[in-house]
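A.B. asks: Pasting query_34.txt below, which is compact mmCIF, C-alpha atoms.
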# COMPACT_ATOMS: atom_id res chain seq x y z
CA MET A 1 -172.90 101.52 170.66
CA ALA A 2 -172.25 104.95 169.15
CA ASP A 3 -175.09 106.11 166.89
CA ASN A 4 -173.35 107.34 163.77
CA PRO A 5 -174.98 107.11 160.31
CA VAL A 6 -171.72 107.80 158.47
CA LYS A 7 -169.84 104.58 157.73
CA LEU A 8 -166.46 103.63 156.30
CA THR A 9 -166.59 102.96 152.55
CA ALA A 10 -164.79 100.08 150.83
CA ARG A 11 -162.59 101.82 148.23
CA LEU A 12 -159.13 100.29 148.48
CA SER A 13 -157.77 97.65 146.11
CA LEU A 14 -155.35 94.89 147.06
CA THR A 15 -152.49 96.91 145.54
CA SER A 16 -153.37 99.97 147.61
CA VAL A 17 -153.50 97.98 150.85
CA VAL A 18 -150.17 96.26 150.15
CA LEU A 19 -148.53 99.63 149.45
CA PHE A 20 -150.03 100.98 152.68
CA GLY A 21 -148.42 98.09 154.55
CA LEU A 22 -145.05 98.58 152.84
CA ALA A 23 -145.15 102.31 153.58
CA TYR A 24 -145.84 101.56 157.25
CA MET A 25 -142.74 99.34 157.38
CA ALA A 26 -140.64 101.89 155.40
CA PRO A 27 -138.58 99.85 152.85
CA SER A 28 -135.61 102.21 153.21
CA LEU A 29 -135.30 101.14 156.85
CA VAL A 30 -133.02 98.29 155.80
CA LEU A 31 -130.39 100.85 154.79
CA VAL A 32 -130.64 102.61 158.13
CA ILE A 33 -130.13 99.51 160.27
CA PHE A 34 -127.89 97.47 157.95
CA GLY A 35 -124.66 98.38 159.77
CA VAL A 36 -126.03 97.39 163.16
CA ILE A 37 -127.36 94.06 161.88
CA ALA A 38 -124.13 93.26 160.00
CA GLN A 39 -122.09 94.09 163.08
CA ARG A 40 -124.14 91.84 165.37
CA SER A 41 -124.21 88.96 162.86
CA ALA A 42 -120.48 89.09 162.00
CA GLY A 43 -121.14 90.04 158.39
CA THR A 44 -124.21 87.89 157.66
CA ALA A 45 -126.95 90.53 157.66
CA PRO A 46 -129.04 88.88 154.90
CA SER A 47 -129.21 85.64 156.88
CA ALA A 48 -130.38 87.60 159.91
CA PHE A 49 -133.11 89.29 157.85
CA LEU A 50 -134.21 85.97 156.33
CA LEU A 51 -134.43 84.39 159.78
CA ALA A 52 -136.41 87.39 161.08
CA THR A 53 -138.72 87.21 158.06
CA GLY A 54 -139.48 83.55 158.66
CA ALA A 55 -140.07 84.13 162.36
CA MET A 56 -142.41 87.10 161.84
CA LEU A 57 -144.18 85.40 158.93
CA LEU A 58 -145.59 82.94 161.47
CA SER A 59 -147.50 85.78 163.14
CA ALA A 60 -148.48 87.24 159.76
CA LEU A 61 -150.12 83.93 158.84
CA SER A 62 -152.10 84.07 162.09
CA TYR A 63 -153.30 87.59 161.28
CA ALA A 64 -154.30 86.40 157.80
CA LYS A 65 -156.41 83.59 159.27
CA MET A 66 -158.17 85.89 161.71
CA ALA A 67 -158.72 88.58 159.06
CA ARG A 68 -160.43 86.00 156.85
CA LEU A 69 -162.76 85.06 159.69
CA PHE A 70 -163.42 88.62 160.88
CA PRO A 71 -163.00 91.22 158.08
CA VAL A 72 -163.52 94.23 160.36
CA SER A 73 -161.23 97.10 161.35
CA GLY A 74 -160.68 96.07 164.97
CA SER A 75 -157.61 93.93 164.22
CA ALA A 76 -156.08 92.16 167.26
CA TYR A 77 -158.63 93.77 169.59
CA PHE A 78 -161.62 92.26 167.80
CA TYR A 79 -159.98 88.89 167.17
CA ALA A 80 -159.22 88.56 170.88
CA ARG A 81 -162.77 89.62 171.79
CA GLN A 82 -164.14 86.77 169.73
CA MET A 83 -161.63 84.06 170.67
CA LEU A 84 -160.51 84.92 174.22
CA GLY A 85 -163.58 86.59 175.67
CA GLY A 86 -164.66 90.15 176.31
CA ARG A 87 -162.37 91.08 179.19
CA LEU A 88 -159.20 89.53 177.82
CA GLY A 89 -160.08 90.97 174.43
CA PHE A 90 -160.37 94.42 175.96
CA LEU A 91 -156.94 94.10 177.58
CA VAL A 92 -155.40 92.94 174.29
CA GLY A 93 -156.90 95.99 172.59
CA TRP A 94 -155.62 98.21 175.37
CA VAL A 95 -152.07 96.83 175.08
CA VAL A 96 -152.13 97.17 171.29
CA LEU A 97 -153.18 100.81 171.73
CA LEU A 98 -149.77 101.45 173.31
CA ASP A 99 -148.23 100.53 169.95
CA TYR A 100 -150.74 102.34 167.77
CA LEU A 101 -151.01 105.54 169.82
CA PHE A 102 -147.28 106.21 169.94
CA MET A 103 -146.18 104.78 166.59
CA PRO A 104 -147.17 107.99 164.73
CA MET A 105 -145.06 109.98 167.17
CA VAL A 106 -142.06 107.73 166.47
CA ALA A 107 -142.54 108.04 162.71
CA TRP A 108 -142.72 111.84 162.91
CA LEU A 109 -139.76 111.93 165.29
CA VAL A 110 -137.52 109.87 162.97
CA GLN A 111 -138.62 111.93 159.98
CA SER A 112 -137.89 115.21 161.75
CA VAL A 113 -134.44 114.04 162.84
CA PHE A 114 -133.53 113.24 159.21
CA LEU A 115 -134.92 116.53 157.94
CA ASN A 116 -133.14 118.55 160.61
CA VAL A 117 -129.81 116.94 159.66
CA GLN A 118 -130.44 117.55 155.96
CA PHE A 119 -131.88 121.06 156.38
CA PRO A 120 -130.59 122.43 159.70
CA ALA A 121 -131.88 125.95 159.01
CA ILE A 122 -135.28 124.75 160.25
CA PRO A 123 -135.11 123.57 163.89
CA PHE A 124 -136.18 120.07 164.91
CA TRP A 125 -139.41 121.29 166.51
CA GLY A 126 -140.27 123.12 163.29
CA TRP A 127 -139.95 119.91 161.27
CA MET A 128 -142.10 118.08 163.82
CA LEU A 129 -144.88 120.62 163.39
CA ILE A 130 -144.59 120.48 159.59
CA ASN A 131 -144.68 116.67 159.48
CA ILE A 132 -147.57 116.34 161.91
CA GLY A 133 -149.52 119.09 160.15
CA LEU A 134 -149.08 117.75 156.61
CA THR A 135 -149.89 114.10 157.35
CA THR A 136 -152.90 115.08 159.46
CA LEU A 137 -154.22 117.35 156.71
CA VAL A 138 -153.89 114.67 154.01
CA ASN A 139 -155.60 112.06 156.18
CA ILE A 140 -158.43 114.42 157.12
CA LEU A 141 -159.14 115.26 153.47
CA GLY A 142 -159.95 111.64 152.72
CA LEU A 143 -158.81 108.11 152.03
CA THR A 144 -158.59 108.64 148.25
CA LEU A 145 -156.05 111.45 148.64
CA ALA A 146 -154.07 109.43 151.21
CA ASP A 147 -154.05 106.45 148.85
CA ARG A 148 -152.78 108.48 145.88
CA THR A 149 -150.18 110.28 147.98
CA ASN A 150 -148.91 107.03 149.42
CA LYS A 151 -148.60 105.36 146.01
CA VAL A 152 -146.41 108.21 144.73
CA LEU A 153 -144.23 108.49 147.85
CA THR A 154 -143.79 104.75 148.40
CA GLY A 155 -142.97 104.25 144.72
CA LEU A 156 -140.31 106.96 144.88
CA GLY A 157 -138.84 105.57 148.09
CA ILE A 158 -138.62 102.01 146.75
CA GLY A 159 -137.21 103.34 143.48
CA LEU A 160 -134.33 105.08 145.23
CA VAL A 161 -133.54 101.95 147.25
CA LEU A 162 -133.46 99.87 144.05
CA LEU A 163 -131.28 102.50 142.36
CA PHE A 164 -128.85 102.16 145.27
CA VAL A 165 -128.82 98.38 144.72
CA VAL A 166 -128.08 98.86 141.00
CA LEU A 167 -125.17 101.22 141.78
CA CYS A 168 -123.83 98.69 144.27
CA VAL A 169 -123.92 95.96 141.60
CA ILE A 170 -122.12 98.22 139.10
CA HIS A 171 -119.53 98.99 141.77
CA LEU A 172 -119.00 95.26 142.39
CA MET A 173 -118.41 94.64 138.68
CA HIS A 174 -115.34 96.89 138.84
CA GLU A 175 -113.96 95.44 142.06
CA SER A 176 -112.01 92.27 142.82
CA PRO A 177 -114.10 89.08 142.95
CA VAL A 178 -115.88 88.56 146.26
CA SER A 179 -117.32 85.45 147.90
CA LEU A 180 -121.00 85.11 147.02
CA THR A 181 -121.69 82.89 150.03
CA ALA A 182 -119.86 84.89 152.72
CA PRO A 183 -122.83 87.26 153.32
CA LEU A 184 -124.93 84.19 154.18
CA TRP A 185 -122.36 82.34 156.29
CA ASN A 186 -118.65 82.86 156.87
CA ALA A 187 -115.83 81.80 159.15
CA SER A 188 -116.91 84.28 161.85
CA SER A 189 -120.57 83.28 161.78
CA THR A 190 -122.30 81.64 164.73
CA TRP A 191 -125.90 80.61 165.19
CA VAL A 192 -126.06 82.69 168.38
CA GLY A 193 -124.80 85.79 166.57
CA VAL A 194 -127.16 85.44 163.60
CA SER A 195 -130.18 84.77 165.81
CA ALA A 196 -129.32 87.75 168.04
CA ALA A 197 -129.10 89.97 164.96
CA ALA A 198 -132.40 88.50 163.69
CA ALA A 199 -134.04 89.48 166.99
CA VAL A 200 -132.98 93.08 166.40
CA ALA A 201 -134.04 92.92 162.74
CA ALA A 202 -137.49 91.66 163.78
CA TYR A 203 -138.33 95.12 165.12
CA SER A 204 -138.18 96.33 161.51
CA TYR A 205 -141.28 94.31 160.68
CA LEU A 206 -143.67 96.20 162.93
CA GLY A 207 -146.61 97.33 160.83
CA PHE A 208 -147.56 94.33 158.69
CA ASP A 209 -150.61 93.99 160.94
CA ALA A 210 -151.73 97.58 160.26
CA VAL A 211 -153.46 96.62 157.02
CA THR A 212 -156.07 94.72 159.05
CA THR A 213 -157.27 98.06 160.49
CA MET A 214 -158.38 99.01 156.95
CA ALA A 215 -160.59 95.95 156.43
CA GLU A 216 -163.82 97.94 156.23
CA GLU A 217 -162.30 100.26 153.62
CA THR A 218 -160.99 97.46 151.39
CA ARG A 219 -162.94 95.85 148.57
CA ASP A 220 -163.58 92.13 149.13
CA ALA A 221 -161.83 92.39 152.50
CA ARG A 222 -162.38 88.75 153.44
CA ARG A 223 -160.16 87.78 150.52
CA ASN A 224 -157.85 90.77 150.07
CA ILE A 225 -156.84 91.60 153.65
CA PRO A 226 -155.36 88.13 154.38
CA ARG A 227 -153.53 88.23 151.05
CA ALA A 228 -152.25 91.72 151.80
CA VAL A 229 -150.90 90.75 155.24
CA VAL A 230 -148.84 87.89 153.79
CA LEU A 231 -147.76 89.87 150.72
CA VAL A 232 -146.57 92.81 152.83
CA MET A 233 -144.50 90.57 155.10
CA ALA A 234 -143.06 88.46 152.27
CA THR A 235 -142.29 91.44 150.02
CA ALA A 236 -140.65 93.48 152.77
CA GLY A 237 -138.70 90.49 154.05
CA LEU A 238 -137.31 89.54 150.65
CA LEU A 239 -136.50 93.18 149.85
CA PHE A 240 -134.67 93.59 153.16
CA ALA A 241 -132.68 90.38 152.61
CA LEU A 242 -131.81 91.24 148.98
CA VAL A 243 -130.63 94.76 149.79
CA ALA A 244 -128.66 93.50 152.81
CA TYR A 245 -127.04 90.81 150.64
CA ILE A 246 -125.84 93.31 148.03
CA MET A 247 -124.63 95.71 150.73
CA GLN A 248 -122.79 92.89 152.47
CA LEU A 249 -121.01 92.09 149.20
CA VAL A 250 -119.89 95.72 148.93
CA HIS A 251 -118.76 95.74 152.55
CA PRO A 252 -117.86 92.18 153.66
CA GLY A 253 -117.75 91.45 157.36
CA GLY A 254 -119.20 93.28 160.32
CA VAL A 255 -116.51 95.83 161.18
CA PHE A 256 -117.44 99.50 160.59
CA GLU A 257 -116.04 102.86 161.62
CA ASP A 258 -119.60 103.80 162.53
CA ALA A 259 -122.26 101.14 162.01
CA GLN A 260 -125.10 103.65 162.27
CA ILE A 261 -124.04 105.55 159.13
CA ALA A 262 -122.74 102.56 157.16
CA ALA A 263 -125.34 102.98 154.38
CA TYR A 264 -124.55 106.68 153.95
CA LEU A 265 -120.81 106.03 153.63
CA MET A 266 -121.51 103.17 151.22
CA SER A 267 -123.77 105.39 149.08
CA VAL A 268 -120.97 107.96 148.81
CA ASN A 269 -118.61 105.18 147.76
CA VAL A 270 -120.84 103.70 145.04
CA GLY A 271 -122.68 106.78 143.80
CA GLY A 272 -120.86 109.88 144.97
CA GLN A 273 -121.86 112.67 147.33
CA ILE A 274 -124.75 113.89 145.19
CA PHE A 275 -126.35 110.44 145.11
CA ALA A 276 -125.83 110.06 148.86
CA ASP A 277 -127.77 113.29 149.37
CA TRP A 278 -130.55 112.01 147.10
CA LEU A 279 -130.64 108.75 149.02
CA ASN A 280 -131.14 110.75 152.20
CA LEU A 281 -134.05 112.37 150.39
CA GLY A 282 -135.39 108.86 149.79
CA PHE A 283 -135.32 108.26 153.56
CA ILE A 284 -137.31 111.45 154.01
CA ILE A 285 -139.86 110.48 151.36
CA SER A 286 -140.33 107.02 152.89
CA GLY A 287 -140.58 108.61 156.32
CA PHE A 288 -143.42 110.89 155.27
CA ALA A 289 -145.31 107.99 153.68
CA SER A 290 -144.80 105.94 156.84
CA GLY A 291 -146.08 108.73 159.08
CA LEU A 292 -149.12 109.13 156.83
CA ILE A 293 -150.11 105.47 157.01
CA VAL A 294 -149.24 105.00 160.67
CA GLN A 295 -151.56 107.84 161.62
CA LEU A 296 -154.28 106.54 159.29
CA SER A 297 -154.25 103.04 160.78
CA THR A 298 -154.19 104.38 164.34
CA SER A 299 -157.23 106.54 163.66
CA ARG A 300 -159.14 103.48 162.36
CA LEU A 301 -158.41 101.37 165.43
CA LEU A 302 -159.49 104.25 167.69
CA TYR A 303 -162.64 104.61 165.58
CA PHE A 304 -163.48 100.93 165.96
CA MET A 305 -162.99 101.03 169.72
CA GLY A 306 -165.05 104.22 169.92
CA ARG A 307 -167.87 102.52 168.02
CA ALA A 308 -167.79 99.73 170.60
CA ASP A 309 -168.08 102.27 173.45
CA ILE A 310 -164.68 101.18 174.77
CA LEU A 311 -163.52 104.76 174.19
CA PRO A 312 -165.61 107.95 174.48
CA LYS A 313 -168.16 108.57 171.69
CA PRO A 314 -166.12 111.21 169.76
CA PHE A 315 -163.63 108.45 168.87
CA GLY A 316 -166.42 106.50 167.12
CA ALA A 317 -167.55 109.33 164.84
CA LEU A 318 -166.79 110.07 161.18
CA ASP A 319 -166.86 113.46 159.52
CA ARG A 320 -169.92 113.75 157.25
CA ARG A 321 -168.04 115.53 154.46
CA THR A 322 -164.81 113.52 154.26
CA GLY A 323 -165.86 110.21 155.82
CA THR A 324 -162.72 110.23 157.99
CA PRO A 325 -162.36 110.05 161.81
CA VAL A 326 -161.22 113.66 162.16
CA PHE A 327 -161.31 113.66 165.96
CA ASN A 328 -158.99 110.64 166.07
CA LEU A 329 -156.57 112.18 163.58
CA MET A 330 -156.37 115.37 165.63
CA PHE A 331 -155.95 113.31 168.80
CA THR A 332 -152.97 111.40 167.35
CA ALA A 333 -151.51 114.72 166.20
CA VAL A 334 -151.65 116.02 169.77
CA ILE A 335 -150.04 112.79 171.06
CA GLY A 336 -147.33 113.30 168.43
CA LEU A 337 -146.42 116.65 169.96
CA LEU A 338 -145.12 114.72 172.97
CA GLY A 339 -142.22 113.76 170.75
CA LEU A 340 -140.88 117.29 171.07
CA ASN A 341 -139.64 116.39 174.55
CA LEU A 342 -138.60 112.75 174.01
CA THR A 343 -135.52 111.01 172.67
CA LEU A 344 -135.94 108.50 169.85
CA GLU A 345 -134.88 105.64 172.15
CA MET A 346 -137.49 106.57 174.76
CA ALA A 347 -140.25 106.99 172.15
CA THR A 348 -139.46 103.62 170.56
CA SER A 349 -139.65 101.88 173.92
CA PHE A 350 -143.35 102.81 174.09
CA ILE A 351 -144.38 100.75 171.09
CA ASN A 352 -142.52 97.43 171.09
CA PHE A 353 -144.18 96.02 174.21
CA GLY A 354 -147.68 96.54 172.83
CA ALA A 355 -146.83 95.34 169.33
CA PHE A 356 -145.28 92.02 170.31
CA LEU A 357 -147.85 91.20 172.99
CA GLY A 358 -150.51 91.90 170.36
CA PHE A 359 -148.82 89.50 167.95
CA SER A 360 -148.69 86.87 170.71
CA ALA A 361 -152.40 87.31 171.39
CA VAL A 362 -153.37 86.84 167.73
CA ASN A 363 -151.31 83.64 167.57
CA LEU A 364 -153.16 82.47 170.67
CA CYS A 365 -156.46 83.34 168.98
CA VAL A 366 -155.68 80.97 166.09
CA ILE A 367 -154.87 78.18 168.56
CA CYS A 368 -158.18 78.79 170.36
CA TYR A 369 -160.02 78.76 167.03
CA PHE A 370 -158.38 75.43 166.20
CA TYR A 371 -159.71 73.82 169.38
CA ARG A 372 -163.17 75.35 168.94
CA ALA A 373 -163.70 74.55 165.27
CA ARG A 374 -161.71 71.36 164.70
CA GLN A 375 -164.81 69.19 165.07
CA GLN A 376 -166.71 71.09 162.38
CA GLN A 377 -163.86 71.85 159.99
CA ARG A 378 -160.77 70.07 158.75
CA LEU A 379 -158.04 72.33 160.12
CA GLY A 380 -154.38 71.52 159.57
CA LEU A 381 -152.46 70.70 162.74
CA VAL A 382 -149.32 72.42 161.42
CA SER A 383 -151.05 75.55 160.10
CA TYR A 384 -153.48 76.12 162.98
CA LEU A 385 -151.51 74.82 165.94
CA LEU A 386 -147.77 74.41 165.34
CA PHE A 387 -147.16 77.63 163.38
CA PRO A 388 -149.15 79.87 165.78
CA LEU A 389 -147.44 78.23 168.76
CA LEU A 390 -144.01 78.91 167.26
CA GLY A 391 -145.09 82.44 166.37
CA MET A 392 -146.21 83.09 169.95
CA CYS A 393 -142.91 81.75 171.31
CA VAL A 394 -140.98 84.06 168.98
CA THR A 395 -142.94 87.18 169.92
CA LEU A 396 -142.87 86.45 173.65
CA TYR A 397 -139.11 85.97 173.37
CA LEU A 398 -138.87 89.39 171.70
CA VAL A 399 -140.86 90.90 174.58
CA SER A 400 -138.36 89.39 177.02
CA GLN A 401 -135.51 91.05 175.12
CA LEU A 402 -136.93 94.56 175.54
CA SER A 403 -135.27 97.05 177.83
CA THR A 404 -136.32 97.40 181.44
CA THR A 405 -137.78 100.80 180.57
CA ALA A 406 -139.93 99.38 177.77
CA ILE A 407 -141.24 96.54 179.94
CA GLY A 408 -141.86 98.94 182.83
CA ILE A 409 -143.87 101.32 180.65
CA GLY A 410 -145.80 98.40 179.18
CA VAL A 411 -146.70 96.92 182.55
CA CYS A 412 -147.84 100.31 183.85
CA TRP A 413 -149.97 100.82 180.75
CA LEU A 414 -151.51 97.37 181.23
CA GLY A 415 -152.22 98.25 184.86
CA PHE A 416 -154.11 101.37 183.78
CA GLY A 417 -156.05 99.17 181.35
CA VAL A 418 -157.13 96.84 184.14
CA MET A 419 -158.34 99.84 186.20
CA TYR A 420 -160.20 101.27 183.19
CA LEU A 421 -161.85 97.90 182.54
CA ALA A 422 -162.88 97.71 186.20
CA TRP A 423 -164.52 101.15 185.83
CA LEU A 424 -166.30 100.19 182.58
CA THR A 425 -167.66 96.97 184.08
CA ARG A 426 -168.51 98.47 187.48
CA GLY A 427 -165.94 96.40 189.32
CA PHE A 428 -166.09 93.47 186.86
CA ARG A 429 -169.77 92.92 187.68
CA ARG A 430 -170.85 93.65 184.08
CA PRO A 431 -169.55 92.30 180.78
CA ALA A 432 -167.14 94.47 178.80
CA PRO A 433 -168.81 96.57 176.07
CA GLU A 434 -168.92 94.67 172.79
CA LEU A 435 -169.50 95.53 169.15
CA GLN A 436 -170.88 92.85 166.87
CA PRO A 437 -169.52 92.68 163.29
Re-express the file's structure as structure tokens.
C.D. replies:
Amino acid sequence: MADNPVKLTARLSLTSVVLFGLAYMAPSLVLVIFGVIAQRSAGTAPSAFLLATGAMLLSALSYAKMARLFPVSGSAYFYARQMLGGRLGFLVGWVVLLDYLFMPMVAWLVQSVFLNVQFPAIPFWGWMLINIGLTTLVNILGLTLADRTNKVLTGLGIGLVLLFVVLCVIHLMHESPVSLTAPLWNASSTWVGVSAAAAVAAYSYLGFDAVTTMAEETRDARRNIPRAVVLVMATAGLLFALVAYIMQLVHPGGVFEDAQIAAYLMSVNVGGQIFADWLNLGFIISGFASGLIVQLSTSRLLYFMGRADILPKPFGALDRRTGTPVFNLMFTAVIGLLGLNLTLEMATSFINFGAFLGFSAVNLCVICYFYRARQQQRLGLVSYLLFPLLGMCVTLYLVSQLSTTAIGIGVCWLGFGVMYLAWLTRGFRRPAPELQP
């Protein structure tokens, strides 16, 4: 185990952790993908979001249970180590790394695309360097600064989304009466269409698990981290469904000239060109907050795995002055530079495989815990067996729906993990390195 006297300090409140989770998920994302979801669901986007929320909440409940048992920063990696054994736990951590390593790159890539469209005088690569540099600097300077920055940016981003909702409601008051139930179910609706749209919407919920990587920096983590996981999922899900419902009232049905810019055209309609430009600014603000928190959570998972000697020792070190894993933050910044040569579709394909397999593994961990502890504790059959089983089925289904490219990259990454584990254990003759809580 890495010998490092500097330790993470518990400073974060429940509010801070919840806002970190919301920033990771980027509340303004619902505006970006609304048109696509409405199109796939035949004009019932809020129903698709509600179905996705319920499906992903099953996995969130599993994370909450594991976080209560193991309030450490290793997240799915550590839970799997304890419940599934050292080698399987290592492979779960390795797969999850695929999500965490490349998620910052995706966040910076999306942010830079928006900024380049809004301010084309600065080239795309210039915005990438600015975004990577600023978020890395804030995270290096310390958790307190990152917390304060996130509270301001996330508050502004949510405020602009709610302002958009208010303008939509005012617009509806001056229009002909609309059906209040059509956004939930209409003559064109089918269960197949809504569930297919919900499967796409589910990808918007990636990140609720990230708050578990901050367990060692959260006050009363055994109590607050499980609450934060559920609050983040429930808050984001209800916000997504509410905003989608109002937008679906403004634009009934699922037919658009261009589904990808439906929210922008709607913002021009309800608030004018100036407001539409400000709403784009809201996307940018939310994007910066998301990049900040994505990088922060990635650096903590790398730190935990470095402490356990799964990764080289520099990953398990903290800076003596700032108390932050500076090496890990710089490492993720370098990984982010790969985004200069990747399309958004290709970059996104890196992360979904790892995320959903990680969710599946945590659901499996709860099931294993149920069978281990049911003789000593009164554990609910529904809560500890049925819900995790349903959650695992949902996430494995989402894995099966990924593109061939995403699955191919994921399988190759898993293959490298098996080879790395074989090297660490000298051909599987030794146990995998392990860090005790």
A.B. asks: Mind pulling up the distance from CA of Ile37 in chain A to CA of Ser297 in chain A?
C.D. replies: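 That distance, rounded to one decimal, is 28.4 Å.
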A.B. asks: For the atom pair CA of Pro104 in chain A and CA of Met66 in chain A, what is the interatomic distance in Å to one decimal place?
C.D. replies: 24.9 Å
A.B. asks: May I ask which of the residues A:Tyr79, A:Tyr24, A:Trp423, A:Phe416 is the closest one to Gly287 in chain A, counting only C-alpha atoms?
C.D. replies: A:Tyr24
A.B. asks: Against range 240-255 of chain A, which residues of range 98-196 of chain A fall within 8 Å? For each one I want the closest pair of atoms and the distance in Å (one decimal), counting all atoms listed in the file, rows by chain and increasing residue number, as a tab-separated table.
C.D. replies:
residue	atom	partner	partner_atom	distance
A:Val165	CA	A:Val243	CA	6.5
A:Cys168	CA	A:Val250	CA	6.8
A:Val169	CA	A:Ile246	CA	7.2
A:His171	CA	A:Val250	CA	7.9
A:Leu172	CA	A:Val250	CA	6.6
A:Val178	CA	A:Leu249	CA	6.9
A:Ser179	CA	A:Leu249	CA	7.7
A:Leu180	CA	A:Leu249	CA	7.3
A:Ala182	CA	A:Pro252	CA	7.6
A:Pro183	CA	A:Gln248	CA	5.7
A:Leu184	CA	A:Tyr245	CA	7.8
A.B. asks: Around (-146.7, 89.6, 169.4) in the file's frame, which residues reach within 9 Å when counting all atoms listed in the file? Return as an NGL selection string?
C.D. replies: :A and (59 or 353-363 or 391-396 or 398-399)
A.B. asks: Hey, can you pull every residue with an atom no more than 8 Å from (-163.5, 112.2, 160.5), using all atoms listed in the file, and send it as a compact mmCIF listing (two decimals) with C-alpha atoms, in the coordinates of the input?
C.D. replies:
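Result file is point-v7.txt:
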# COMPACT_ATOMS: atom_id res chain seq x y z
CA ILE A 140 -158.43 114.42 157.12
CA ALA A 317 -167.55 109.33 164.84
CA LEU A 318 -166.79 110.07 161.18
CA ASP A 319 -166.86 113.46 159.52
CA ARG A 320 -169.92 113.75 157.25
CA THR A 322 -164.81 113.52 154.26
CA GLY A 323 -165.86 110.21 155.82
CA THR A 324 -162.72 110.23 157.99
CA PRO A 325 -162.36 110.05 161.81
CA VAL A 326 -161.22 113.66 162.16
CA PHE A 327 -161.31 113.66 165.96
CA ASN A 328 -158.99 110.64 166.07
CA LEU A 329 -156.57 112.18 163.58
A.B. asks: Between A:Ser383, A:Asn224, A:Ser47, A:Ser28, which has the minimum distance to Tyr264 in chain A (counting all atoms listed in the file)?
C.D. replies: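 Result for the nearest residue to Tyr264 in chain A: A:Ser28.
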A.B. asks: Report, in Å with one decimal, the straight-line distance from CA of Asn139 in chain A to CA of Phe304 in chain A.
C.D. replies: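 Between CA of Asn139 in chain A and CA of Phe304 in chain A the gap is 16.8 Å.
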A.B. asks: Identify, on the basis of all atoms listed in the file, every residue whose closest approach to range 107-112 of chain A does not exceed 7 Å; exclude the query and any residue fewer than 6 positions from it along the same chain; express the result as a ChimeraX atom specification.
C.D. replies: /A:124,127-128,131-132,284,287-288,290-291,339,344
